[in-house]
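Some notes on the structure that comes next.
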Amino acid sequence: MGKIRVLIAKPGLDGHDRGALVIAQALRDHGMEVIYTGLRQSPVQIVQAAIQEDVDVIGLSSLSGAHKTLFPKVINVLKEQGASDIPVVGGGVIPAEDIPYLLERGVQKIFTSGSSTEALALYIKQLVNPEKEQLKSPEKIAHIGIAVQQIDHVISFYTDTLGLELEGVETVESEGVKTAFLKIGESRLELLEPLDNDSPIQRFLDKKGEGIHHIALETEQLDERLQNMTSEGIPLINEEPKQGAHNSQVAFIHPKAAGGVLFELCRHTEGSEH
């Protein structure tokens, strides 16, 4: 297969194109051929250029606030011209509340101002080559970790007051922690008690006190997702999976990547309960 061909366009009345040029160069650095149509292009002009250049993907950039009108117009013109097989992605200054509207009208994905060019390039490669295994969203919230001074002092609140089922208590020596899992629907609450003063949980308790420590997301593609995050420059606490409780493999994403929230990615191996 030849190089992926991408058309970058700025519909509407945007007055500058620095961001679009940065994106175009980043995609070229990833080995793609990029056609940039310039400022103030109409949906018809954009579609005509995409067809003439035989591109694989159209990337639309908008800073003027007209994305809710112009992006769907490009989709409609593609349909009118019999070129609806050309996928459209979008980006720019787009409020989060507008994203579902654009997705419903046929835009494949929206990249906001906080998205990396690495994420955009990877998505385009997966979009154009669907035969390659794509990263899937995490299957569910596996558990929410709660740091406590002593499990025995709080367990009755969860089992008696809330009526949750205690599945088991386990010690993870490598992490210096004692854990108790309580079932709630398809997910779990994980109580975390430090084994000694050197435990990461003890350091958390000393700094913040008892409370929510982390949110764990279950994924069968743990290795692939870690590799992807590394390539995107997402800060990780663990670049490779390590042993966790309940016979699982886990890795933590650095809180500074997620607005101060500590996320754990976990994969349960055969024979584990989850």
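Chain labels A, B, ... are given in the sequence in which chains occur in the structure tokens; within each chain residues are numbered consecutively from 1, and ligands are likewise numbered from 1 in the order shown.
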Neighbours of A:Glu220 within 10 Å (only C-alpha atoms; same-chain residues fewer than 6 positions away dropped), as a list in words?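 Non-adjacent residues within range: Leu135, Lys136, Ser137, Pro138, Glu139, Leu265, Cys266, Arg267, His268 and Thr269 of chain A.
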Selection near stretch 142-155 of chain A, 6 Å with only C-alpha atoms, sequence-local residues under 3 positions removed, as a tab-separated table (two decimals) with N, CA and C atoms, in the first residue's frame:
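The file below, out08.tsv, is the result:
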```
chain	number	residue	atom	x	y	z
A	158	TYR	N	-19.07	-1.02	54.63
A	158	TYR	CA	-19.31	-1.51	53.27
A	158	TYR	C	-20.18	-2.76	53.26
A	187	SER	N	-18.68	-4.18	38.84
A	187	SER	CA	-17.43	-3.57	39.26
A	187	SER	C	-17.09	-3.97	40.69
A	188	ARG	N	-16.05	-3.34	41.24
A	188	ARG	CA	-15.59	-3.64	42.58
A	188	ARG	C	-15.16	-2.35	43.27
A	189	LEU	N	-15.21	-2.35	44.58
A	189	LEU	CA	-14.49	-1.38	45.40
A	189	LEU	C	-13.29	-2.12	45.98
A	190	GLU	N	-12.13	-1.49	45.93
A	190	GLU	CA	-10.92	-2.10	46.48
A	190	GLU	C	-10.42	-1.24	47.64
A	191	LEU	N	-10.47	-1.79	48.83
A	191	LEU	CA	-9.93	-1.10	50.00
A	191	LEU	C	-8.43	-1.39	50.08
A	192	LEU	N	-7.65	-0.36	50.31
A	192	LEU	CA	-6.19	-0.47	50.29
A	192	LEU	C	-5.62	-0.06	51.64
A	193	GLU	N	-4.99	-1.01	52.32
A	193	GLU	CA	-4.38	-0.75	53.63
A	193	GLU	C	-2.87	-0.92	53.51
A	210	GLU	N	-7.48	9.44	54.23
A	210	GLU	CA	-8.27	8.37	53.64
A	210	GLU	C	-9.17	8.91	52.52
A	211	GLY	N	-9.40	8.08	51.52
A	211	GLY	CA	-10.26	8.49	50.42
A	211	GLY	C	-9.92	7.77	49.13
A	212	ILE	N	-10.54	8.23	48.05
A	212	ILE	CA	-10.33	7.58	46.75
A	212	ILE	C	-8.88	7.72	46.31
A	213	HIS	N	-8.27	6.62	45.97
A	213	HIS	CA	-6.86	6.57	45.57
A	213	HIS	C	-6.71	6.49	44.06
A	214	HIS	N	-7.49	5.61	43.41
A	214	HIS	CA	-7.37	5.47	41.96
A	214	HIS	C	-8.63	4.86	41.37
A	215	ILE	N	-8.73	4.97	40.05
A	215	ILE	CA	-9.80	4.33	39.28
A	215	ILE	C	-9.14	3.36	38.32
A	216	ALA	N	-9.59	2.11	38.35
A	216	ALA	CA	-9.00	1.07	37.50
A	216	ALA	C	-9.91	0.77	36.31
A	217	LEU	N	-9.33	0.78	35.13
A	217	LEU	CA	-10.06	0.49	33.90
A	217	LEU	C	-9.58	-0.84	33.34
A	218	GLU	N	-10.51	-1.70	33.00
A	218	GLU	CA	-10.15	-3.03	32.49
A	218	GLU	C	-9.96	-2.99	30.98
```
So, with only C-alpha atoms as the atoms that count, which of A:Val88, A:Leu27, A:Leu21, A:Ala258 lies closest to A:Ile46? A:Val88
Do you have, as CSV, the list of residues of stretch 100-196 of chain A lying at most 12 Å from stretch 14-20 of chain A, each with its nearest atom pair and that distance in Å to one decimal, counting only C-alpha atoms and ordered by chain then number?
```
residue,atom,partner,partner_atom,distance
A:Thr112,CA,A:Gly19,CA,11.8
A:Ser113,CA,A:Gly19,CA,9.6
A:Ser116,CA,A:Gly19,CA,11.9
A:Thr117,CA,A:Gly19,CA,10.7
```
Could you take the residues named above and write them with N, CA and C atoms, as an mmCIF file, in the first residue's frame?
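The file below, part-v6.cif, is the result:
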```cif
data_model
loop_
_atom_site.group_PDB
_atom_site.id
_atom_site.type_symbol
_atom_site.label_atom_id
_atom_site.label_comp_id
_atom_site.auth_asym_id
_atom_site.auth_seq_id
_atom_site.Cartn_x
_atom_site.Cartn_y
_atom_site.Cartn_z
ATOM 1 N N THR A 112 -9.604 17.617 20.007
ATOM 2 C CA THR A 112 -9.681 18.943 20.611
ATOM 3 C C THR A 112 -8.290 19.557 20.726
ATOM 4 N N SER A 113 -8.234 20.771 21.241
ATOM 5 C CA SER A 113 -6.961 21.489 21.322
ATOM 6 C C SER A 113 -5.954 20.784 22.224
ATOM 7 N N SER A 116 -2.897 15.311 21.010
ATOM 8 C CA SER A 116 -1.553 15.334 20.442
ATOM 9 C C SER A 116 -1.592 14.973 18.964
ATOM 10 N N THR A 117 -0.605 15.453 18.222
ATOM 11 C CA THR A 117 -0.500 15.083 16.810
ATOM 12 C C THR A 117 -0.192 13.598 16.668
#
```
Which residues in stretch 32-122 of chain A does DSSP call helix (DSSP H, G or I)? List them as a PyMOL selection string. chain A and resi 43-52+67-80+96-104+117-122
Using only C-alpha atoms, which protein or nucleic acid residues come within 12 Å of A:Ile234? Drop anything in the same chain fewer than 5 positions from it, and give the result as a PDB file with C-alpha atoms, in the first residue's frame.
```pdb
ATOM      1  CA  SER A 115      -5.043  16.252  21.596  1.00  0.00           C
ATOM      2  CA  SER A 116      -1.553  15.334  20.442  1.00  0.00           C
ATOM      3  CA  GLU A 118       0.737  11.574  17.657  1.00  0.00           C
ATOM      4  CA  ALA A 119      -2.813  10.554  18.587  1.00  0.00           C
ATOM      5  CA  ARG A 225      -2.279   0.586  25.083  1.00  0.00           C
ATOM      6  CA  LEU A 226       0.906   1.190  27.067  1.00  0.00           C
ATOM      7  CA  GLN A 227       2.945   1.172  23.859  1.00  0.00           C
ATOM      8  CA  ASN A 228       0.509   3.597  22.290  1.00  0.00           C
ATOM      9  CA  MET A 229       0.622   5.954  25.270  1.00  0.00           C
ATOM     10  CA  GLU A 239       5.696   1.510  31.126  1.00  0.00           C
ATOM     11  CA  PHE A 252      -0.596   3.153  36.301  1.00  0.00           C
ATOM     12  CA  ILE A 253      -0.906   6.338  34.257  1.00  0.00           C
ATOM     13  CA  HIS A 254       0.688   9.386  35.858  1.00  0.00           C
ATOM     14  CA  PRO A 255      -1.933  11.693  37.416  1.00  0.00           C
ATOM     15  CA  LYS A 256      -0.587  14.721  35.549  1.00  0.00           C
ATOM     16  CA  ALA A 257      -1.856  13.128  32.320  1.00  0.00           C
ATOM     17  CA  ALA A 258      -5.450  13.077  33.604  1.00  0.00           C
TER      18      ALA A 258
END
```
Taking a cut-off of 12 Å and counting only C-alpha atoms, can you build a table that, for each residue of stretch 247-270 of chain A near stretch 162-184 of chain A, reports the nearest atom pair and how far apart they are in Å (one decimal), sorted by chain then residue number, as JSON lines?
```
{"residue": "A:Asn247", "atom": "CA", "partner": "A:Val172", "partner_atom": "CA", "distance": 10.3}
{"residue": "A:Ser248", "atom": "CA", "partner": "A:Val172", "partner_atom": "CA", "distance": 11.3}
{"residue": "A:Val250", "atom": "CA", "partner": "A:Glu175", "partner_atom": "CA", "distance": 11.7}
```
Residues of the last selection are to be written out with N, CA and C atoms, as a compact mmCIF listing (two decimals), in the first residue's frame.
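Full text of selection32.txt as output:
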```
# COMPACT_ATOMS: atom_id res chain seq x y z
N ASN A 247 -4.66 -11.86 40.76
CA ASN A 247 -4.01 -12.48 39.60
C ASN A 247 -4.13 -11.61 38.35
N SER A 248 -3.96 -10.31 38.52
CA SER A 248 -4.10 -9.38 37.40
C SER A 248 -2.76 -8.76 37.05
N VAL A 250 -1.22 -5.06 35.92
CA VAL A 250 -1.66 -3.67 36.05
C VAL A 250 -0.54 -2.71 35.65
```
Near-A:Ser61 list (7 Å; only C-alpha atoms; drop same-chain fewer than 2 positions) as a count of residues only: 8
Report, in Å to a single decimal, how far apart atom CA of A:Leu222 and atom CA of A:Pro241 are.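 Rounded to one decimal, the two atoms are 7.5 Å apart.
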So that I can check the surroundings of A:Gly65, please list as a ChimeraX atom specification every protein, DNA and RNA residue that reaches within 10 Å of it, counting only C-alpha atoms and ignoring chain neighbours fewer than 5 positions away. /A:12-14,70,92-95
Dump of C-alpha atoms for the selected residues, as an mmCIF file, in the first residue's frame:
```
data_model
loop_
_atom_site.group_PDB
_atom_site.id
_atom_site.type_symbol
_atom_site.label_atom_id
_atom_site.label_comp_id
_atom_site.auth_asym_id
_atom_site.auth_seq_id
_atom_site.Cartn_x
_atom_site.Cartn_y
_atom_site.Cartn_z
ATOM 1 C CA GLY A 12 -15.328 29.098 6.937
ATOM 2 C CA LEU A 13 -13.813 32.433 7.874
ATOM 3 C CA ASP A 14 -10.832 31.463 10.016
ATOM 4 C CA LEU A 70 -19.646 23.517 8.098
ATOM 5 C CA GLY A 92 -9.744 22.972 16.451
ATOM 6 C CA VAL A 93 -11.510 25.018 19.100
ATOM 7 C CA ILE A 94 -14.536 22.767 19.548
ATOM 8 C CA PRO A 95 -16.452 22.666 22.854
#
```
Stretch 73-87 of chain A surroundings by only C-alpha atoms, 8 Å radius, close-in-sequence under 4 positions cut, as a list in words: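 Surrounding residues, per the criterion: Pro43, Val44, Ile46, Val47, Ile51, Val55, Asp56, Val57, Ile58, Thr69, Arg105, Gly106, Val107 and Gln108 of chain A.
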Generate the output file for the selected residues, N, CA and C atoms, as a CSV table (one decimal), in the first residue's frame.
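Output (out-v1.csv):
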```csv
chain,number,residue,atom,x,y,z
A,43,PRO,N,-17.4,24.1,1.6
A,43,PRO,CA,-17.5,22.6,1.6
A,43,PRO,C,-17.4,22.0,0.2
A,44,VAL,N,-18.0,22.7,-0.8
A,44,VAL,CA,-17.9,22.2,-2.2
A,44,VAL,C,-16.5,22.1,-2.6
A,46,ILE,N,-13.8,21.9,-0.8
A,46,ILE,CA,-13.0,20.9,-0.1
A,46,ILE,C,-13.3,19.5,-0.7
A,47,VAL,N,-14.5,19.2,-0.9
A,47,VAL,CA,-14.9,17.9,-1.5
A,47,VAL,C,-14.3,17.7,-2.9
A,51,ILE,N,-11.7,14.7,-3.9
A,51,ILE,CA,-11.9,13.7,-5.0
A,51,ILE,C,-10.8,13.8,-6.0
A,55,VAL,N,-7.8,11.4,-2.0
A,55,VAL,CA,-7.3,11.3,-0.7
A,55,VAL,C,-8.0,10.2,0.1
A,56,ASP,N,-7.3,9.7,1.1
A,56,ASP,CA,-7.9,8.7,2.0
A,56,ASP,C,-8.7,9.2,3.1
A,57,VAL,N,-8.3,10.4,3.6
A,57,VAL,CA,-9.0,11.1,4.7
A,57,VAL,C,-9.1,12.6,4.5
A,58,ILE,N,-10.1,13.2,5.0
A,58,ILE,CA,-10.2,14.6,5.1
A,58,ILE,C,-10.1,15.1,6.5
A,69,THR,N,-22.0,23.9,11.7
A,69,THR,CA,-22.7,24.1,10.3
A,69,THR,C,-21.8,23.5,9.2
A,105,ARG,N,-23.5,13.3,13.0
A,105,ARG,CA,-23.7,13.7,11.6
A,105,ARG,C,-22.6,13.2,10.7
A,106,GLY,N,-21.8,12.3,11.2
A,106,GLY,CA,-20.9,11.6,10.3
A,106,GLY,C,-19.4,11.8,10.4
A,107,VAL,N,-19.1,12.8,11.2
A,107,VAL,CA,-17.6,13.0,11.5
A,107,VAL,C,-17.1,11.8,12.3
A,108,GLN,N,-16.0,11.3,11.8
A,108,GLN,CA,-15.5,10.0,12.5
A,108,GLN,C,-15.0,10.3,13.9
```
Could you tell me how far atom CA of A:Lys68 sits from atom CA of A:Ile4, in Å to one decimal place?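 Pair atom CA of A:Ile4 / atom CA of A:Lys68 returns 27.1 Å.
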